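Each remark here refers to the structure printed beneath this line.
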Amino acid sequence: MDTVKIGKFLSELRREQELTQEQLAEKLGTSNKTISRWENGNYMPPVEMLMELSKFYGVSINEMLSGKRLDETEAQSAAEENLKSVLGDSSFSLEDRKQYFTKKWKREHWFTFVVPTLFAVAIIAFSAALGKIWGIGLGFLVSVTARIISYNVMMGYVERNAFDGKGNDKKS
């Protein structure tokens, strides 16, 4: 993450509002030295302050982290890069990153668990209704196989995002 670029963008936004660092600091409840440090790229504003600045300037946090205004096509790729950068630069441990990406994958791919499970339940119910014992076993086999495949795909995603791609912890 380029803190100098972010700082220059914050400075531009402040000047567009025709504010001094002292005036902005007063509005945000901080000091002009803090504003100066942000604008010089020495420090990043904390998350809470990024949210305040976002509202105040009418720009997205994504734009602030990119250090420029973004059009619709740039916004999506910038969001992903900013997220990766924040996670990579943060104090999140490897375990925290693995948990984050596991939850994210499950949220985005919930159907890979639900659809095979519903299919397996349908096979089991239909087989039970017909009195076919082998169908019940088939339903369980479908359920377990689908779960194993989904889990392996999920872990591939987690590894690609939580590690540097070579199996090394990004923080080491």
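All residue names refer to the structure tokens as shown: chains lettered A, B, ... in order, residues numbered from 1 in each chain, ligands numbered from 1 in order.
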* **Surrounding residues of A:Leu50 excluding itself and chain neighbours under 6 positions, 9 Å, only C-alpha atoms, as a PyMOL selection string** => chain A and resi 44+61+64
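Near A:Ala162, within 6 Å and counting only C-alpha atoms, sit Arg97, Lys98 and Val158 of chain A, not including residues fewer than 4 positions from it in the same chain.
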Those residues you just picked out, can you put them in a file as a compact mmCIF listing (two decimals), in the first residue's frame with all heavy atoms?
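Once written, selection-v6.txt looks like this:
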```
# COMPACT_ATOMS: atom_id res chain seq x y z
N ARG A 97 -5.80 -15.05 8.78
CA ARG A 97 -6.03 -14.94 7.33
C ARG A 97 -6.72 -16.18 6.80
O ARG A 97 -7.62 -16.10 5.96
CB ARG A 97 -4.71 -14.68 6.60
CG ARG A 97 -4.14 -13.31 6.88
CD ARG A 97 -3.03 -12.91 5.92
NE ARG A 97 -1.96 -13.87 5.77
CZ ARG A 97 -0.83 -13.86 6.47
NH1 ARG A 97 -0.62 -12.94 7.38
NH2 ARG A 97 0.10 -14.76 6.26
N LYS A 98 -6.30 -17.36 7.29
CA LYS A 98 -6.94 -18.60 6.85
C LYS A 98 -8.42 -18.61 7.23
O LYS A 98 -9.28 -18.96 6.42
CB LYS A 98 -6.21 -19.82 7.43
CG LYS A 98 -4.88 -20.08 6.74
CD LYS A 98 -3.98 -21.10 7.39
CE LYS A 98 -4.60 -22.30 8.00
NZ LYS A 98 -3.61 -23.21 8.59
N VAL A 158 -8.21 -20.82 -0.14
CA VAL A 158 -7.62 -20.28 1.09
C VAL A 158 -6.10 -20.22 0.97
O VAL A 158 -5.47 -19.21 1.29
CB VAL A 158 -8.04 -21.11 2.33
CG1 VAL A 158 -7.25 -20.72 3.56
CG2 VAL A 158 -9.54 -20.96 2.58
```
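With only C-alpha atoms as the atoms that count, the residue of A:Ile123, A:Lys27, A:Ala79, A:Ser150 with the shortest distance to A:Gly137 is A:Ile123.
Between atom CA of A:Met155 and atom CA of A:Thr117 there is a distance of 19.4 Å.
As for atom CA of A:Val121 and atom CA of A:Ala146, they are spaced 12.7 Å apart.
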* Asked: Quick one: residues within 10 Å of stretch 7-23 of chain A, only C-alpha atoms counted, chain neighbours fewer than 2 positions away excluded, as a VMD selection string?
  -> chain A and resid 2 to 5 25 to 45 53 56 to 59 63 to 69
Selection to disk with N, CA, C and O atoms, as a CSV table (one decimal), in the first residue's frame:
```
chain,number,residue,atom,x,y,z
A,2,ASP,N,0.6,2.1,-0.9
A,2,ASP,CA,1.5,3.3,-1.1
A,2,ASP,C,0.9,4.5,-0.2
A,2,ASP,O,0.0,5.2,-0.6
A,3,THR,N,1.5,4.6,1.0
A,3,THR,CA,1.0,5.6,2.0
A,3,THR,C,1.2,7.0,1.5
A,3,THR,O,0.5,7.9,1.8
A,4,VAL,N,2.3,7.2,0.7
A,4,VAL,CA,2.6,8.6,0.2
A,4,VAL,C,1.5,9.0,-0.8
A,4,VAL,O,1.0,10.1,-0.8
A,5,LYS,N,1.1,8.1,-1.7
A,5,LYS,CA,0.1,8.3,-2.7
A,5,LYS,C,-1.2,8.6,-2.0
A,5,LYS,O,-2.0,9.5,-2.4
A,25,ALA,N,-8.7,19.1,11.1
A,25,ALA,CA,-8.4,18.4,12.4
A,25,ALA,C,-9.5,18.8,13.4
A,25,ALA,O,-10.0,17.9,14.2
A,26,GLU,N,-9.9,20.0,13.4
A,26,GLU,CA,-11.0,20.5,14.4
A,26,GLU,C,-12.3,19.7,14.0
A,26,GLU,O,-13.0,19.3,15.0
A,27,LYS,N,-12.6,19.6,12.8
A,27,LYS,CA,-13.9,18.9,12.4
A,27,LYS,C,-13.8,17.4,12.7
A,27,LYS,O,-14.8,16.9,13.1
A,28,LEU,N,-12.6,16.8,12.7
A,28,LEU,CA,-12.5,15.4,12.9
A,28,LEU,C,-12.2,15.1,14.4
A,28,LEU,O,-12.1,13.9,14.8
A,29,GLY,N,-11.9,16.1,15.1
A,29,GLY,CA,-11.5,15.9,16.5
A,29,GLY,C,-10.1,15.3,16.7
A,29,GLY,O,-9.9,14.5,17.6
A,30,THR,N,-9.2,15.8,15.9
A,30,THR,CA,-7.8,15.3,16.0
A,30,THR,C,-6.9,16.5,15.9
A,30,THR,O,-7.4,17.7,15.9
A,31,SER,N,-5.6,16.3,15.8
A,31,SER,CA,-4.7,17.5,15.7
A,31,SER,C,-4.2,17.7,14.3
A,31,SER,O,-4.3,16.8,13.4
A,32,ASN,N,-3.8,18.9,14.0
A,32,ASN,CA,-3.3,19.2,12.7
A,32,ASN,C,-2.0,18.4,12.4
A,32,ASN,O,-1.7,18.1,11.2
A,33,LYS,N,-1.2,18.1,13.4
A,33,LYS,CA,0.0,17.2,13.2
A,33,LYS,C,-0.4,15.9,12.7
A,33,LYS,O,0.3,15.3,11.9
A,34,THR,N,-1.5,15.3,13.2
A,34,THR,CA,-2.0,14.0,12.8
A,34,THR,C,-2.4,14.1,11.3
A,34,THR,O,-2.0,13.2,10.5
A,35,ILE,N,-3.1,15.1,10.9
A,35,ILE,CA,-3.5,15.3,9.5
A,35,ILE,C,-2.3,15.4,8.7
A,35,ILE,O,-2.2,14.8,7.6
A,36,SER,N,-1.3,16.2,9.1
A,36,SER,CA,0.0,16.3,8.4
A,36,SER,C,0.7,15.0,8.2
A,36,SER,O,1.2,14.7,7.1
A,37,ARG,N,0.7,14.2,9.3
A,37,ARG,CA,1.4,12.8,9.2
A,37,ARG,C,0.6,12.0,8.1
A,37,ARG,O,1.3,11.2,7.4
A,38,TRP,N,-0.7,12.0,8.1
A,38,TRP,CA,-1.5,11.3,7.1
A,38,TRP,C,-1.1,11.7,5.7
A,38,TRP,O,-0.9,10.9,4.8
A,39,GLU,N,-1.1,13.1,5.5
A,39,GLU,CA,-0.9,13.6,4.2
A,39,GLU,C,0.5,13.5,3.7
A,39,GLU,O,0.7,13.5,2.5
A,40,ASN,N,1.4,13.4,4.6
A,40,ASN,CA,2.8,13.1,4.2
A,40,ASN,C,3.1,11.7,4.0
A,40,ASN,O,4.2,11.3,3.5
A,41,GLY,N,2.2,10.8,4.3
A,41,GLY,CA,2.3,9.4,4.1
A,41,GLY,C,3.1,8.7,5.2
A,41,GLY,O,3.6,7.6,5.1
A,42,ASN,N,3.3,9.4,6.3
A,42,ASN,CA,4.0,8.8,7.5
A,42,ASN,C,3.2,7.8,8.2
A,42,ASN,O,3.7,6.9,8.8
A,43,TYR,N,1.9,8.1,8.3
A,43,TYR,CA,1.0,7.2,9.0
A,43,TYR,C,-0.3,7.0,8.2
A,43,TYR,O,-0.7,7.9,7.4
A,44,MET,N,-1.0,5.9,8.4
A,44,MET,CA,-2.3,5.7,7.8
A,44,MET,C,-3.3,6.1,8.8
A,44,MET,O,-3.2,5.8,10.0
A,45,PRO,N,-4.4,6.7,8.4
A,45,PRO,CA,-5.5,7.0,9.3
A,45,PRO,C,-6.1,5.6,9.8
A,45,PRO,O,-6.1,4.7,9.0
A,53,LEU,N,-13.5,10.1,7.1
A,53,LEU,CA,-13.0,10.8,5.9
A,53,LEU,C,-13.8,10.5,4.7
A,53,LEU,O,-14.1,11.4,3.8
A,56,PHE,N,-17.0,12.4,4.9
A,56,PHE,CA,-16.8,13.8,4.8
A,56,PHE,C,-16.4,14.2,3.4
A,56,PHE,O,-17.0,15.2,2.9
A,57,TYR,N,-15.6,13.5,2.7
A,57,TYR,CA,-15.2,13.9,1.3
A,57,TYR,C,-16.1,13.3,0.3
A,57,TYR,O,-16.0,13.7,-0.9
A,58,GLY,N,-16.9,12.4,0.6
A,58,GLY,CA,-17.8,11.8,-0.4
A,58,GLY,C,-17.1,10.9,-1.4
A,58,GLY,O,-17.4,10.8,-2.6
A,59,VAL,N,-16.1,10.2,-0.9
A,59,VAL,CA,-15.4,9.2,-1.7
A,59,VAL,C,-15.4,7.9,-0.9
A,59,VAL,O,-15.6,7.8,0.3
A,63,GLU,N,-11.4,4.2,-2.8
A,63,GLU,CA,-10.7,5.2,-3.5
A,63,GLU,C,-9.5,5.8,-2.6
A,63,GLU,O,-8.4,6.1,-3.1
A,64,MET,N,-9.8,6.0,-1.3
A,64,MET,CA,-8.7,6.5,-0.5
A,64,MET,C,-7.5,5.6,-0.4
A,64,MET,O,-6.4,6.0,-0.5
A,65,LEU,N,-7.8,4.3,-0.3
A,65,LEU,CA,-6.7,3.3,-0.2
A,65,LEU,C,-6.0,3.2,-1.6
A,65,LEU,O,-4.8,2.8,-1.6
A,66,SER,N,-6.7,3.5,-2.7
A,66,SER,CA,-6.0,3.5,-4.0
A,66,SER,C,-5.3,4.8,-4.2
A,66,SER,O,-4.4,4.9,-5.1
A,67,GLY,N,-5.6,5.9,-3.5
A,67,GLY,CA,-4.9,7.1,-3.7
A,67,GLY,C,-5.4,7.9,-4.9
A,67,GLY,O,-4.7,8.8,-5.4
A,68,LYS,N,-6.6,7.6,-5.3
A,68,LYS,CA,-7.2,8.3,-6.5
A,68,LYS,C,-8.7,8.0,-6.6
A,68,LYS,O,-9.2,7.0,-6.1
A,69,ARG,N,-9.3,8.8,-7.4
A,69,ARG,CA,-10.7,8.5,-7.7
A,69,ARG,C,-10.8,7.4,-8.7
A,69,ARG,O,-9.9,7.3,-9.6
```
* Just the alpha helix (DSSP H) stuff from stretch 5-157 of chain A, please, per backbone DSSP, written as a PyMOL selection string. => chain A and resi 5-16+21-28+32-40+47-57+61-66+72-89+94-108+111-130+133-157
* To do: May I have the residues within 12 Å of A:Ile136 as a ChimeraX atom specification, using only C-alpha atoms and disregarding those fewer than 2 positions away in the same chain?
  => /A:119-134,138-143
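Coordinates place atom CA of A:Lys106 at a distance of 7.8 Å from atom CA of A:Met154.
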